[in-house]
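The file coords_26.txt contains compact mmCIF, N, CA, C and O atoms:
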```
# COMPACT_ATOMS: atom_id res chain seq x y z
N MET A 1 -12.08 -15.67 -10.71
CA MET A 1 -11.34 -16.74 -10.08
C MET A 1 -12.31 -17.88 -9.79
O MET A 1 -13.37 -17.66 -9.23
N ASN A 2 -11.90 -19.08 -10.17
CA ASN A 2 -12.76 -20.25 -9.99
C ASN A 2 -12.12 -21.26 -9.05
O ASN A 2 -10.91 -21.47 -9.09
N ILE A 3 -12.94 -21.88 -8.24
CA ILE A 3 -12.48 -22.98 -7.40
C ILE A 3 -12.56 -24.23 -8.27
O ILE A 3 -13.64 -24.66 -8.65
N THR A 4 -11.39 -24.78 -8.60
CA THR A 4 -11.35 -25.90 -9.54
C THR A 4 -11.23 -27.26 -8.85
O THR A 4 -11.43 -28.29 -9.50
N GLU A 5 -10.90 -27.27 -7.56
CA GLU A 5 -10.82 -28.53 -6.82
C GLU A 5 -11.00 -28.25 -5.34
O GLU A 5 -10.54 -27.24 -4.83
N VAL A 6 -11.71 -29.17 -4.67
CA VAL A 6 -11.86 -29.10 -3.21
C VAL A 6 -11.54 -30.49 -2.67
O VAL A 6 -12.09 -31.48 -3.14
N ARG A 7 -10.62 -30.53 -1.72
CA ARG A 7 -10.30 -31.79 -1.05
C ARG A 7 -10.69 -31.67 0.42
O ARG A 7 -10.39 -30.66 1.05
N ILE A 8 -11.37 -32.69 0.92
CA ILE A 8 -11.89 -32.69 2.28
C ILE A 8 -11.18 -33.78 3.08
O ILE A 8 -11.03 -34.90 2.61
N PHE A 9 -10.78 -33.43 4.30
CA PHE A 9 -10.12 -34.36 5.21
C PHE A 9 -10.94 -34.40 6.50
O PHE A 9 -10.86 -33.47 7.32
N LEU A 10 -11.76 -35.44 6.64
CA LEU A 10 -12.69 -35.53 7.76
C LEU A 10 -11.97 -35.69 9.10
O LEU A 10 -10.92 -36.32 9.19
N LYS A 11 -12.56 -35.11 10.13
CA LYS A 11 -12.10 -35.23 11.51
C LYS A 11 -13.29 -35.67 12.35
O LYS A 11 -14.43 -35.39 12.02
N GLU A 12 -13.01 -36.34 13.45
CA GLU A 12 -14.09 -36.78 14.34
C GLU A 12 -13.97 -36.07 15.68
O GLU A 12 -13.73 -36.68 16.71
N GLU A 13 -14.13 -34.76 15.63
CA GLU A 13 -14.08 -33.96 16.85
C GLU A 13 -15.42 -33.28 17.05
O GLU A 13 -16.23 -33.19 16.13
N GLU A 14 -15.64 -32.78 18.27
CA GLU A 14 -16.93 -32.18 18.59
C GLU A 14 -17.25 -30.98 17.68
O GLU A 14 -18.32 -30.92 17.10
N LYS A 15 -16.32 -30.05 17.57
CA LYS A 15 -16.57 -28.85 16.77
C LYS A 15 -15.90 -28.89 15.41
O LYS A 15 -16.49 -28.49 14.42
N LEU A 16 -14.65 -29.37 15.34
CA LEU A 16 -13.93 -29.45 14.07
C LEU A 16 -14.40 -30.68 13.32
O LEU A 16 -14.20 -31.81 13.76
N LYS A 17 -15.05 -30.47 12.19
CA LYS A 17 -15.61 -31.57 11.41
C LYS A 17 -14.69 -32.00 10.28
O LYS A 17 -14.70 -33.16 9.87
N ALA A 18 -13.89 -31.07 9.74
CA ALA A 18 -13.00 -31.41 8.63
C ALA A 18 -12.05 -30.27 8.34
O ALA A 18 -12.30 -29.12 8.71
N TYR A 19 -10.97 -30.63 7.66
CA TYR A 19 -10.10 -29.64 7.03
C TYR A 19 -10.39 -29.68 5.54
O TYR A 19 -10.84 -30.71 5.02
N ALA A 20 -10.13 -28.59 4.85
CA ALA A 20 -10.32 -28.55 3.40
C ALA A 20 -9.13 -27.86 2.76
O ALA A 20 -8.48 -27.02 3.38
N ALA A 21 -8.86 -28.25 1.52
CA ALA A 21 -7.88 -27.56 0.69
C ALA A 21 -8.59 -27.22 -0.61
O ALA A 21 -9.31 -28.06 -1.16
N ILE A 22 -8.44 -25.99 -1.07
CA ILE A 22 -9.07 -25.60 -2.33
C ILE A 22 -7.99 -25.22 -3.34
O ILE A 22 -6.95 -24.70 -2.97
N THR A 23 -8.27 -25.52 -4.59
CA THR A 23 -7.40 -25.10 -5.68
C THR A 23 -8.13 -24.03 -6.48
O THR A 23 -9.31 -24.20 -6.81
N LEU A 24 -7.45 -22.95 -6.77
CA LEU A 24 -8.02 -21.83 -7.51
C LEU A 24 -7.45 -21.81 -8.92
O LEU A 24 -6.22 -21.81 -9.10
N ASP A 25 -8.32 -21.82 -9.90
CA ASP A 25 -7.95 -21.77 -11.32
C ASP A 25 -6.91 -22.82 -11.70
O ASP A 25 -6.15 -22.64 -12.63
N GLY A 26 -6.87 -23.91 -10.96
CA GLY A 26 -5.95 -25.00 -11.27
C GLY A 26 -4.48 -24.67 -11.03
O GLY A 26 -3.62 -25.46 -11.40
N VAL A 27 -4.19 -23.52 -10.40
CA VAL A 27 -2.79 -23.12 -10.26
C VAL A 27 -2.38 -22.65 -8.86
O VAL A 27 -1.20 -22.40 -8.62
N PHE A 28 -3.33 -22.50 -7.93
CA PHE A 28 -2.99 -21.97 -6.61
C PHE A 28 -3.80 -22.73 -5.56
O PHE A 28 -5.02 -22.83 -5.68
N VAL A 29 -3.12 -23.25 -4.53
CA VAL A 29 -3.78 -24.04 -3.51
C VAL A 29 -3.78 -23.29 -2.18
O VAL A 29 -2.78 -22.68 -1.81
N VAL A 30 -4.91 -23.37 -1.47
CA VAL A 30 -5.02 -22.85 -0.10
C VAL A 30 -5.37 -24.04 0.79
O VAL A 30 -6.40 -24.69 0.59
N HIS A 31 -4.49 -24.33 1.75
CA HIS A 31 -4.68 -25.45 2.68
C HIS A 31 -5.22 -24.93 4.02
O HIS A 31 -5.17 -23.74 4.31
N ASN A 32 -5.69 -25.86 4.81
CA ASN A 32 -6.08 -25.63 6.21
C ASN A 32 -7.30 -24.75 6.41
O ASN A 32 -7.41 -24.07 7.43
N LEU A 33 -8.23 -24.77 5.46
CA LEU A 33 -9.54 -24.22 5.76
C LEU A 33 -10.18 -25.23 6.73
O LEU A 33 -9.92 -26.43 6.64
N ARG A 34 -10.98 -24.75 7.65
CA ARG A 34 -11.61 -25.64 8.62
C ARG A 34 -13.12 -25.58 8.48
O ARG A 34 -13.68 -24.50 8.32
N ILE A 35 -13.74 -26.73 8.57
CA ILE A 35 -15.20 -26.80 8.63
C ILE A 35 -15.53 -27.08 10.08
O ILE A 35 -15.13 -28.11 10.63
N VAL A 36 -16.22 -26.13 10.71
CA VAL A 36 -16.53 -26.25 12.13
C VAL A 36 -18.02 -26.13 12.36
O VAL A 36 -18.74 -25.47 11.60
N LYS A 37 -18.46 -26.77 13.44
CA LYS A 37 -19.87 -26.69 13.84
C LYS A 37 -20.00 -25.55 14.83
O LYS A 37 -19.42 -25.58 15.92
N GLY A 38 -20.75 -24.52 14.44
CA GLY A 38 -20.98 -23.38 15.30
C GLY A 38 -22.40 -23.40 15.83
O GLY A 38 -23.15 -24.35 15.61
N GLU A 39 -22.79 -22.33 16.49
CA GLU A 39 -24.13 -22.23 17.05
C GLU A 39 -25.21 -22.25 15.97
O GLU A 39 -26.33 -22.70 16.21
N LYS A 40 -24.88 -21.73 14.79
CA LYS A 40 -25.87 -21.63 13.70
C LYS A 40 -25.65 -22.68 12.62
O LYS A 40 -26.15 -22.55 11.52
N GLY A 41 -24.88 -23.73 12.92
CA GLY A 41 -24.62 -24.79 11.95
C GLY A 41 -23.18 -24.78 11.47
O GLY A 41 -22.31 -24.18 12.10
N LEU A 42 -22.94 -25.44 10.35
CA LEU A 42 -21.58 -25.55 9.82
C LEU A 42 -21.12 -24.24 9.19
O LEU A 42 -21.91 -23.52 8.59
N MET A 43 -19.81 -23.97 9.36
CA MET A 43 -19.23 -22.80 8.72
C MET A 43 -17.81 -23.12 8.30
O MET A 43 -17.19 -24.05 8.81
N VAL A 44 -17.31 -22.35 7.36
CA VAL A 44 -15.96 -22.52 6.85
C VAL A 44 -15.09 -21.41 7.45
O VAL A 44 -15.40 -20.23 7.31
N CYS A 45 -14.00 -21.81 8.12
CA CYS A 45 -13.06 -20.86 8.71
C CYS A 45 -11.80 -20.84 7.86
O CYS A 45 -11.32 -21.88 7.43
N MET A 46 -11.28 -19.65 7.67
CA MET A 46 -10.09 -19.48 6.85
C MET A 46 -8.83 -19.92 7.61
O MET A 46 -8.84 -19.97 8.84
N PRO A 47 -7.75 -20.22 6.89
CA PRO A 47 -6.49 -20.57 7.57
C PRO A 47 -6.03 -19.40 8.43
O PRO A 47 -6.18 -18.24 8.03
N SER A 48 -5.50 -19.71 9.59
CA SER A 48 -5.07 -18.65 10.50
C SER A 48 -3.82 -19.07 11.25
O SER A 48 -3.42 -20.24 11.20
N ARG A 49 -3.21 -18.10 11.92
CA ARG A 49 -2.06 -18.39 12.77
C ARG A 49 -2.27 -17.70 14.10
O ARG A 49 -2.96 -16.68 14.20
N LYS A 50 -1.66 -18.29 15.14
CA LYS A 50 -1.80 -17.74 16.48
C LYS A 50 -0.79 -16.62 16.68
O LYS A 50 0.39 -16.78 16.39
N LYS A 51 -1.27 -15.49 17.18
CA LYS A 51 -0.40 -14.35 17.46
C LYS A 51 0.17 -14.47 18.87
O LYS A 51 -0.29 -15.29 19.67
N ASN A 52 1.15 -13.65 19.19
CA ASN A 52 1.80 -13.69 20.50
C ASN A 52 0.84 -13.45 21.65
O ASN A 52 1.04 -13.95 22.75
N ASP A 53 -0.24 -12.69 21.40
CA ASP A 53 -1.20 -12.40 22.47
C ASP A 53 -2.26 -13.48 22.63
O ASP A 53 -3.19 -13.33 23.41
N GLY A 54 -2.13 -14.58 21.87
CA GLY A 54 -3.07 -15.70 21.99
C GLY A 54 -4.26 -15.63 21.06
O GLY A 54 -5.03 -16.58 20.98
N THR A 55 -4.45 -14.52 20.36
CA THR A 55 -5.54 -14.42 19.40
C THR A 55 -5.09 -15.01 18.06
O THR A 55 -3.92 -15.28 17.84
N PHE A 56 -6.05 -15.22 17.18
CA PHE A 56 -5.77 -15.77 15.87
C PHE A 56 -6.03 -14.74 14.79
O PHE A 56 -6.94 -13.92 14.92
N LYS A 57 -5.23 -14.79 13.74
CA LYS A 57 -5.38 -13.87 12.61
C LYS A 57 -5.41 -14.70 11.33
O LYS A 57 -4.55 -15.55 11.10
N ASP A 58 -6.42 -14.45 10.48
CA ASP A 58 -6.50 -15.13 9.18
C ASP A 58 -5.26 -14.79 8.36
O ASP A 58 -4.84 -13.64 8.32
N ILE A 59 -4.70 -15.80 7.70
CA ILE A 59 -3.56 -15.54 6.83
C ILE A 59 -3.96 -15.53 5.36
O ILE A 59 -3.19 -15.12 4.51
N ALA A 60 -5.18 -15.97 5.08
CA ALA A 60 -5.74 -15.89 3.73
C ALA A 60 -7.25 -15.80 3.89
O ALA A 60 -7.83 -16.51 4.72
N HIS A 61 -7.88 -14.93 3.11
CA HIS A 61 -9.33 -14.81 3.21
C HIS A 61 -9.87 -14.08 1.99
O HIS A 61 -9.16 -13.27 1.38
N PRO A 62 -11.12 -14.36 1.62
CA PRO A 62 -11.74 -13.65 0.50
C PRO A 62 -11.98 -12.18 0.86
O PRO A 62 -12.28 -11.86 2.01
N ILE A 63 -11.86 -11.33 -0.11
CA ILE A 63 -12.14 -9.91 0.09
C ILE A 63 -13.59 -9.61 -0.27
O ILE A 63 -14.27 -8.87 0.43
N ALA A 64 -14.07 -10.20 -1.35
CA ALA A 64 -15.44 -9.95 -1.82
C ALA A 64 -16.42 -10.92 -1.15
O ALA A 64 -16.18 -12.12 -1.09
N ASN A 65 -17.54 -10.38 -0.66
CA ASN A 65 -18.57 -11.21 -0.04
C ASN A 65 -19.13 -12.25 -0.99
O ASN A 65 -19.46 -13.36 -0.57
N GLU A 66 -19.22 -11.91 -2.28
CA GLU A 66 -19.76 -12.86 -3.26
C GLU A 66 -18.85 -14.09 -3.36
O GLU A 66 -19.32 -15.21 -3.43
N PHE A 67 -17.53 -13.85 -3.37
CA PHE A 67 -16.61 -14.99 -3.46
C PHE A 67 -16.62 -15.78 -2.17
O PHE A 67 -16.56 -17.01 -2.19
N ARG A 68 -16.71 -15.13 -1.02
CA ARG A 68 -16.79 -15.85 0.25
C ARG A 68 -18.02 -16.76 0.26
O ARG A 68 -17.93 -17.92 0.65
N SER A 69 -19.15 -16.25 -0.19
CA SER A 69 -20.37 -17.07 -0.24
C SER A 69 -20.20 -18.27 -1.16
O SER A 69 -20.60 -19.39 -0.82
N GLU A 70 -19.60 -18.04 -2.32
CA GLU A 70 -19.36 -19.14 -3.27
C GLU A 70 -18.39 -20.16 -2.68
O GLU A 70 -18.62 -21.37 -2.78
N LEU A 71 -17.33 -19.69 -2.05
CA LEU A 71 -16.35 -20.59 -1.43
C LEU A 71 -17.02 -21.45 -0.36
O LEU A 71 -16.85 -22.68 -0.34
N GLU A 72 -17.80 -20.84 0.52
CA GLU A 72 -18.49 -21.60 1.56
C GLU A 72 -19.44 -22.63 0.97
O GLU A 72 -19.49 -23.77 1.42
N LYS A 73 -20.18 -22.23 -0.05
CA LYS A 73 -21.14 -23.13 -0.69
C LYS A 73 -20.42 -24.34 -1.30
O LYS A 73 -20.80 -25.49 -1.06
N VAL A 74 -19.36 -24.10 -2.04
CA VAL A 74 -18.63 -25.18 -2.71
C VAL A 74 -17.96 -26.11 -1.69
O VAL A 74 -18.02 -27.34 -1.81
N VAL A 75 -17.33 -25.54 -0.66
CA VAL A 75 -16.65 -26.35 0.35
C VAL A 75 -17.65 -27.18 1.15
O VAL A 75 -17.43 -28.37 1.38
N LEU A 76 -18.75 -26.60 1.56
CA LEU A 76 -19.75 -27.35 2.34
C LEU A 76 -20.42 -28.43 1.49
O LEU A 76 -20.72 -29.51 2.00
N GLU A 77 -20.63 -28.17 0.21
CA GLU A 77 -21.17 -29.21 -0.68
C GLU A 77 -20.19 -30.37 -0.80
O GLU A 77 -20.59 -31.54 -0.77
N ALA A 78 -18.90 -30.07 -0.93
CA ALA A 78 -17.88 -31.12 -1.01
C ALA A 78 -17.82 -31.91 0.30
O ALA A 78 -17.64 -33.14 0.29
N TYR A 79 -17.99 -31.22 1.42
CA TYR A 79 -18.00 -31.88 2.73
C TYR A 79 -19.18 -32.85 2.83
O TYR A 79 -19.02 -34.01 3.23
N GLU A 80 -20.36 -32.40 2.45
CA GLU A 80 -21.54 -33.27 2.49
C GLU A 80 -21.38 -34.48 1.58
O GLU A 80 -21.75 -35.60 1.93
N LYS A 81 -20.80 -34.28 0.41
CA LYS A 81 -20.55 -35.37 -0.53
C LYS A 81 -19.57 -36.37 0.06
O LYS A 81 -19.77 -37.58 -0.01
N LYS A 82 -18.49 -35.88 0.69
CA LYS A 82 -17.50 -36.75 1.33
C LYS A 82 -18.13 -37.55 2.46
O LYS A 82 -17.87 -38.75 2.60
N LEU A 83 -18.98 -36.92 3.25
CA LEU A 83 -19.69 -37.63 4.32
C LEU A 83 -20.55 -38.76 3.76
O LEU A 83 -20.58 -39.86 4.31
N ALA A 84 -21.25 -38.47 2.67
CA ALA A 84 -22.13 -39.47 2.06
C ALA A 84 -21.34 -40.65 1.49
O ALA A 84 -21.83 -41.79 1.49
N GLU A 85 -20.11 -40.40 1.04
CA GLU A 85 -19.28 -41.46 0.44
C GLU A 85 -18.52 -42.26 1.48
O GLU A 85 -18.02 -43.34 1.18
N THR A 86 -18.40 -41.75 2.70
CA THR A 86 -17.60 -42.38 3.73
C THR A 86 -18.44 -43.36 4.54
O THR A 86 -19.48 -42.98 5.07
N PRO A 87 -17.98 -44.62 4.62
CA PRO A 87 -18.74 -45.60 5.41
C PRO A 87 -18.77 -45.21 6.88
O PRO A 87 -17.78 -44.69 7.41
N LYS A 88 -19.91 -45.41 7.50
CA LYS A 88 -20.07 -45.10 8.91
C LYS A 88 -19.41 -46.21 9.74
O LYS A 88 -19.55 -47.38 9.44
N THR A 89 -18.67 -45.82 10.78
CA THR A 89 -18.08 -46.80 11.69
C THR A 89 -18.95 -46.88 12.94
O THR A 89 -19.42 -45.86 13.44
N GLU A 90 -19.17 -48.08 13.42
CA GLU A 90 -20.00 -48.26 14.60
C GLU A 90 -19.12 -48.59 15.79
O GLU A 90 -18.20 -49.39 15.68
N ALA A 91 -19.44 -47.98 16.91
CA ALA A 91 -18.64 -48.21 18.12
C ALA A 91 -19.15 -49.42 18.88
O ALA A 91 -20.23 -49.84 18.81
```

Show how you would write the structure in this file as structure tokens.
Amino acid sequence: MNITEVRIFLKEEEKLKAYAAITLDGVFVVHNLRIVKGEKGLMVCMPSRKKNDGTFKDIAHPIANEFRSELEKVVLEAYEKKLAETPKTEA
């Protein structure tokens, strides 16, 4: 399975840096991946939904560690590229 497209939607929040959508093999899209700033740097969080008890459960996620690593690498590279292409706004 190949990631054939990554779209990044920047956010200006303290922890949430962007949303991402990935296309797999040009035929299947996964929306609402989140790029968040954690204690150890940026990470990619899978789409999730809130359960009745207030916790969150992923609704889509990689099963193989190799694919998770590749997904994170590709999404974070696309995020860095989008940041570089986006003009900085001054307050």

query = Can you list, as JSON, numbers by chain, every protein, DNA or RNA residue that comes within 6 Å of Tyr19 in chain A when you count all atoms listed in the file, leaving out same-chain residues fewer than 2 positions away?
reply = {"A": [7, 8, 9, 10, 11, 17, 21, 32, 33, 34, 35]}

Assign secondary structure with DSSP using the backbone only, and return the residues of chain A in strand (DSSP E) as a PyMOL selection string.
chain A and resi 3-10+16-24+28-38+41-45+48-50+56-58

inquiry  = Counting only C-alpha atoms, which residues have an atom no more than 6 Å from (-8.9, -20.5, 9.8) in the file's coordinates? Please list them as a ChimeraX atom specification.
reply    = /A:33-34,45-48,58

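When only C-alpha atoms are used to measure the gap to Lys82 in chain A, the shortest distance among A:Leu42, A:Glu12, A:Ala18, A:His31 belongs to A:Ala18.
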
Here atom N of Val30 in chain A and atom C of Lys73 in chain A stand apart by 15.5 Å

With distances taken over all atoms listed in the file, the candidate from A:Val6, A:Lys40, A:Ile63, A:Glu85 nearest Ala20 in chain A is A:Val6

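Across A:Met1, A:Asn52, A:Glu13, A:Val44, the tightest approach to Val27 in chain A is made by A:Met1 when counting only C-alpha atoms.
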
Requested in this report: Based on DSSP run over this structure's backbone, return all residues of chain A in alpha helix (DSSP H), as a PyMOL selection string.
Outcome: chain A and resi 65-85

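CA of Val74 in chain A is found 15.1 Å from CA of His61 in chain A.
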
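The gap separating CA of Asn2 in chain A from CA of Ile22 in chain A is 10.0 Å, in Å to one decimal.
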
Quick one: everything within 8 Å of Glu72 in chain A, counting only C-alpha atoms, minus sequence neighbours fewer than 4 positions away in the same chain. Send it as a PyMOL selection string.
-> chain A and resi 43-44+68+76

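Minimum distance to Leu71 in chain A across A:Gly26, A:Asp53, A:Ile3, A:Leu83 (counting all atoms listed in the file) occurs at A:Ile3.
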
Closest of A:Lys51, A:Lys57, A:Ala64, A:Glu5 to Val29 in chain A, counting all atoms listed in the file, is A:Glu5
